[in-house]
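In what follows, a structure is listed as structure tokens, so that the remarks can point back to it.
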Amino acid sequence: MKLSKNHYVIDENQPHIVAADHPDRQTLQQLVNACPAGLYQLNQDGSLSFNYHGCLECGTCRLLCNEKTLTRWHYPAAGYGITFRFG
Ligand code: SF4
């Protein structure tokens, strides 16, 4: 998939995914490994870097954890989010 072809409309006022402040590190590593867009990154100090702007809305991270790790997960509001463009 050529991610650069996709079009995003970002809702800057309401992130559709929010990670907890101190999530379980083992679960975080699963998210780092599984997110196809590479949006989860563990820093050297163990903290999490996450940016929902490139989200593919695939739902993988939602399936891998619960609300203790991601305090919010829903699809972006109407008019926001990704538009896939192939080719
Ligand atoms: S929904 Fe998919 S692309 Fe978006 S953050 Fe979760 S795993 Fe990554």
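Numbering starts fresh at 1 for the residues of each chain in the structure tokens, the chains themselves are lettered A, B, ... in the order given, and ligands are numbered from 1 as they appear.
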
Residues up to 10 Å from ligand 1, counting only C-alpha atoms and all ligand atoms: could you list those as a VMD selection string? chain A and resid 16 to 18 31 to 40 50 to 64 70 73 to 75

Can I get the selection written as a short mmCIF file (atom, residue, chain, number, x, y, z; two decimals), in the first residue's frame, with N, CA, C and O atoms?
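The resulting file, part_18.cif, is reproduced below:
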```cif
data_model
loop_
_atom_site.label_atom_id
_atom_site.label_comp_id
_atom_site.auth_asym_id
_atom_site.auth_seq_id
_atom_site.Cartn_x
_atom_site.Cartn_y
_atom_site.Cartn_z
N HIS A 16 -9.13 10.89 17.93
CA HIS A 16 -10.03 9.74 18.01
C HIS A 16 -9.40 8.56 18.74
O HIS A 16 -10.09 7.60 19.07
N ILE A 17 -8.09 8.65 19.00
CA ILE A 17 -7.41 7.64 19.82
C ILE A 17 -6.57 8.38 20.85
O ILE A 17 -5.81 9.28 20.49
N VAL A 18 -6.73 7.98 22.10
CA VAL A 18 -5.95 8.58 23.18
C VAL A 18 -5.34 7.46 24.02
O VAL A 18 -6.06 6.56 24.48
N LEU A 31 1.59 -2.96 20.49
CA LEU A 31 1.06 -1.91 19.62
C LEU A 31 2.14 -1.40 18.67
O LEU A 31 1.89 -1.16 17.49
N VAL A 32 3.35 -1.23 19.21
CA VAL A 32 4.47 -0.78 18.37
C VAL A 32 4.69 -1.77 17.24
O VAL A 32 4.87 -1.38 16.08
N ASN A 33 4.61 -3.05 17.56
CA ASN A 33 4.87 -4.08 16.55
C ASN A 33 3.73 -4.21 15.55
O ASN A 33 3.96 -4.56 14.39
N ALA A 34 2.51 -3.93 15.98
CA ALA A 34 1.36 -4.27 15.15
C ALA A 34 0.81 -3.12 14.31
O ALA A 34 0.22 -3.38 13.25
N CYS A 35 0.95 -1.90 14.75
CA CYS A 35 0.34 -0.79 14.01
C CYS A 35 0.93 -0.71 12.61
O CYS A 35 2.13 -0.45 12.45
N PRO A 36 0.13 -0.89 11.58
CA PRO A 36 0.66 -0.89 10.21
C PRO A 36 1.17 0.48 9.76
O PRO A 36 1.94 0.57 8.80
N ALA A 37 0.76 1.52 10.45
CA ALA A 37 1.21 2.87 10.10
C ALA A 37 2.41 3.30 10.94
O ALA A 37 2.95 4.39 10.73
N GLY A 38 2.82 2.48 11.91
CA GLY A 38 3.97 2.82 12.75
C GLY A 38 3.75 4.03 13.62
O GLY A 38 4.67 4.82 13.87
N LEU A 39 2.54 4.17 14.14
CA LEU A 39 2.21 5.39 14.91
C LEU A 39 2.60 5.30 16.37
O LEU A 39 2.66 6.31 17.06
N TYR A 40 2.83 4.09 16.87
CA TYR A 40 3.24 3.91 18.27
C TYR A 40 4.75 3.73 18.31
O TYR A 40 5.30 2.88 17.62
N PHE A 50 2.94 8.82 20.42
CA PHE A 50 1.83 8.39 19.56
C PHE A 50 1.24 9.61 18.88
O PHE A 50 1.03 10.63 19.50
N ASN A 51 0.98 9.47 17.59
CA ASN A 51 0.37 10.54 16.82
C ASN A 51 -0.73 9.94 15.97
O ASN A 51 -0.46 9.12 15.10
N TYR A 52 -1.95 10.33 16.23
CA TYR A 52 -3.10 9.73 15.54
C TYR A 52 -3.27 10.26 14.11
O TYR A 52 -4.13 9.78 13.37
N HIS A 53 -2.46 11.21 13.71
CA HIS A 53 -2.66 11.87 12.41
C HIS A 53 -2.56 10.93 11.21
O HIS A 53 -3.21 11.17 10.21
N GLY A 54 -1.75 9.90 11.30
CA GLY A 54 -1.60 8.99 10.16
C GLY A 54 -2.40 7.71 10.30
O GLY A 54 -2.11 6.74 9.60
N CYS A 55 -3.39 7.72 11.15
CA CYS A 55 -4.13 6.50 11.45
C CYS A 55 -4.88 5.97 10.24
O CYS A 55 -5.55 6.72 9.52
N LEU A 56 -4.78 4.66 10.04
CA LEU A 56 -5.45 3.99 8.93
C LEU A 56 -6.84 3.49 9.32
O LEU A 56 -7.54 2.90 8.50
N GLU A 57 -7.21 3.69 10.59
CA GLU A 57 -8.51 3.28 11.10
C GLU A 57 -8.75 1.78 10.93
O GLU A 57 -9.87 1.35 10.66
N CYS A 58 -7.69 1.02 11.09
CA CYS A 58 -7.79 -0.44 10.88
C CYS A 58 -8.35 -1.15 12.11
O CYS A 58 -8.86 -2.26 12.00
N GLY A 59 -8.22 -0.55 13.29
CA GLY A 59 -8.76 -1.15 14.51
C GLY A 59 -7.83 -2.13 15.19
O GLY A 59 -8.19 -2.70 16.23
N THR A 60 -6.65 -2.36 14.67
CA THR A 60 -5.73 -3.34 15.26
C THR A 60 -5.40 -3.00 16.70
O THR A 60 -5.46 -3.86 17.59
N CYS A 61 -5.07 -1.76 16.98
CA CYS A 61 -4.70 -1.39 18.34
C CYS A 61 -5.88 -1.55 19.30
O CYS A 61 -5.69 -1.91 20.46
N ARG A 62 -7.05 -1.33 18.82
CA ARG A 62 -8.24 -1.49 19.66
C ARG A 62 -8.42 -2.94 20.07
O ARG A 62 -8.83 -3.24 21.20
N LEU A 63 -8.12 -3.83 19.16
CA LEU A 63 -8.28 -5.26 19.45
C LEU A 63 -7.19 -5.78 20.38
O LEU A 63 -7.40 -6.77 21.08
N LEU A 64 -6.04 -5.14 20.38
CA LEU A 64 -4.90 -5.65 21.15
C LEU A 64 -4.89 -5.21 22.61
O LEU A 64 -4.11 -5.74 23.40
N LEU A 70 -5.60 2.27 26.02
CA LEU A 70 -6.15 3.33 25.17
C LEU A 70 -7.44 3.80 25.83
O LEU A 70 -8.43 3.08 25.88
N TRP A 73 -10.96 5.23 21.91
CA TRP A 73 -10.81 4.74 20.54
C TRP A 73 -12.19 4.79 19.90
O TRP A 73 -13.11 4.09 20.32
N HIS A 74 -12.32 5.64 18.92
CA HIS A 74 -13.54 5.62 18.09
C HIS A 74 -13.14 6.13 16.72
O HIS A 74 -12.06 6.69 16.54
N TYR A 75 -14.00 5.91 15.77
CA TYR A 75 -13.71 6.42 14.43
C TYR A 75 -13.80 7.94 14.46
O TYR A 75 -14.56 8.52 15.25
#
```

Could you list, as a PDB file with C-alpha atoms, in the first residue's frame, every residue within 10 Å of Ala77 of chain A, counting only C-alpha atoms and ignoring same-chain residues fewer than 5 positions away?
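Final output, selection31.pdb:
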```pdb
ATOM      1  CA  ILE A  10      -7.389  15.734  10.780  1.00  0.00           C
ATOM      2  CA  ASP A  11      -9.685  16.706  13.627  1.00  0.00           C
ATOM      3  CA  GLN A  14     -10.727  15.760  19.159  1.00  0.00           C
ATOM      4  CA  PRO A  15      -8.186  12.945  18.793  1.00  0.00           C
ATOM      5  CA  HIS A  16     -10.034   9.745  18.009  1.00  0.00           C
TER       6      HIS A  16
END
```

Neighbouring residues of Leu42 of chain A were defined as those with any atom within 8 Å, considering only C-alpha atoms; residues of the same chain fewer than 6 positions away were excluded. Please report them as a PyMOL selection string. chain A and resi 28-29+32+48-49

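Across the structure, atom CA of Gln41 of chain A and atom CA of Arg85 of chain A are spaced 25.6 Å apart.
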
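DSSP annotation of chain A from backbone atoms: strand (DSSP E) residues are His7, Tyr8, Val9, Ile17, Val18, Ala19, Tyr40, Gln41, Leu42, Leu48, Ser49, Phe50, Leu70, Thr71, Arg72, Trp73, Gly81, Ile82 and Thr83 of chain A.
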
May I have the selected residues written with C-alpha atoms, as a PDB file, in the first residue's frame?
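Generated output (out10.pdb):
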```pdb
ATOM      1  CA  HIS A   7      -5.739  11.780   2.058  1.00  0.00           C
ATOM      2  CA  TYR A   8      -6.324  12.753   5.675  1.00  0.00           C
ATOM      3  CA  VAL A   9      -8.582  15.338   7.219  1.00  0.00           C
ATOM      4  CA  ILE A  17      -7.413   7.643  19.816  1.00  0.00           C
ATOM      5  CA  VAL A  18      -5.948   8.582  23.183  1.00  0.00           C
ATOM      6  CA  ALA A  19      -3.346   6.509  25.028  1.00  0.00           C
ATOM      7  CA  TYR A  40       3.243   3.907  18.273  1.00  0.00           C
ATOM      8  CA  GLN A  41       6.850   4.384  19.305  1.00  0.00           C
ATOM      9  CA  LEU A  42       8.557   3.629  22.571  1.00  0.00           C
ATOM     10  CA  LEU A  48       5.192   6.447  24.526  1.00  0.00           C
ATOM     11  CA  SER A  49       5.090   8.624  21.444  1.00  0.00           C
ATOM     12  CA  PHE A  50       1.831   8.393  19.563  1.00  0.00           C
ATOM     13  CA  LEU A  70      -6.154   3.328  25.172  1.00  0.00           C
ATOM     14  CA  THR A  71      -8.582   5.528  27.046  1.00  0.00           C
ATOM     15  CA  ARG A  72     -10.337   6.495  23.828  1.00  0.00           C
ATOM     16  CA  TRP A  73     -10.813   4.740  20.535  1.00  0.00           C
ATOM     17  CA  GLY A  81     -10.147  10.763   8.944  1.00  0.00           C
ATOM     18  CA  ILE A  82      -8.598   8.886   6.071  1.00  0.00           C
ATOM     19  CA  THR A  83      -9.633   8.593   2.453  1.00  0.00           C
TER      20      THR A  83
END
```
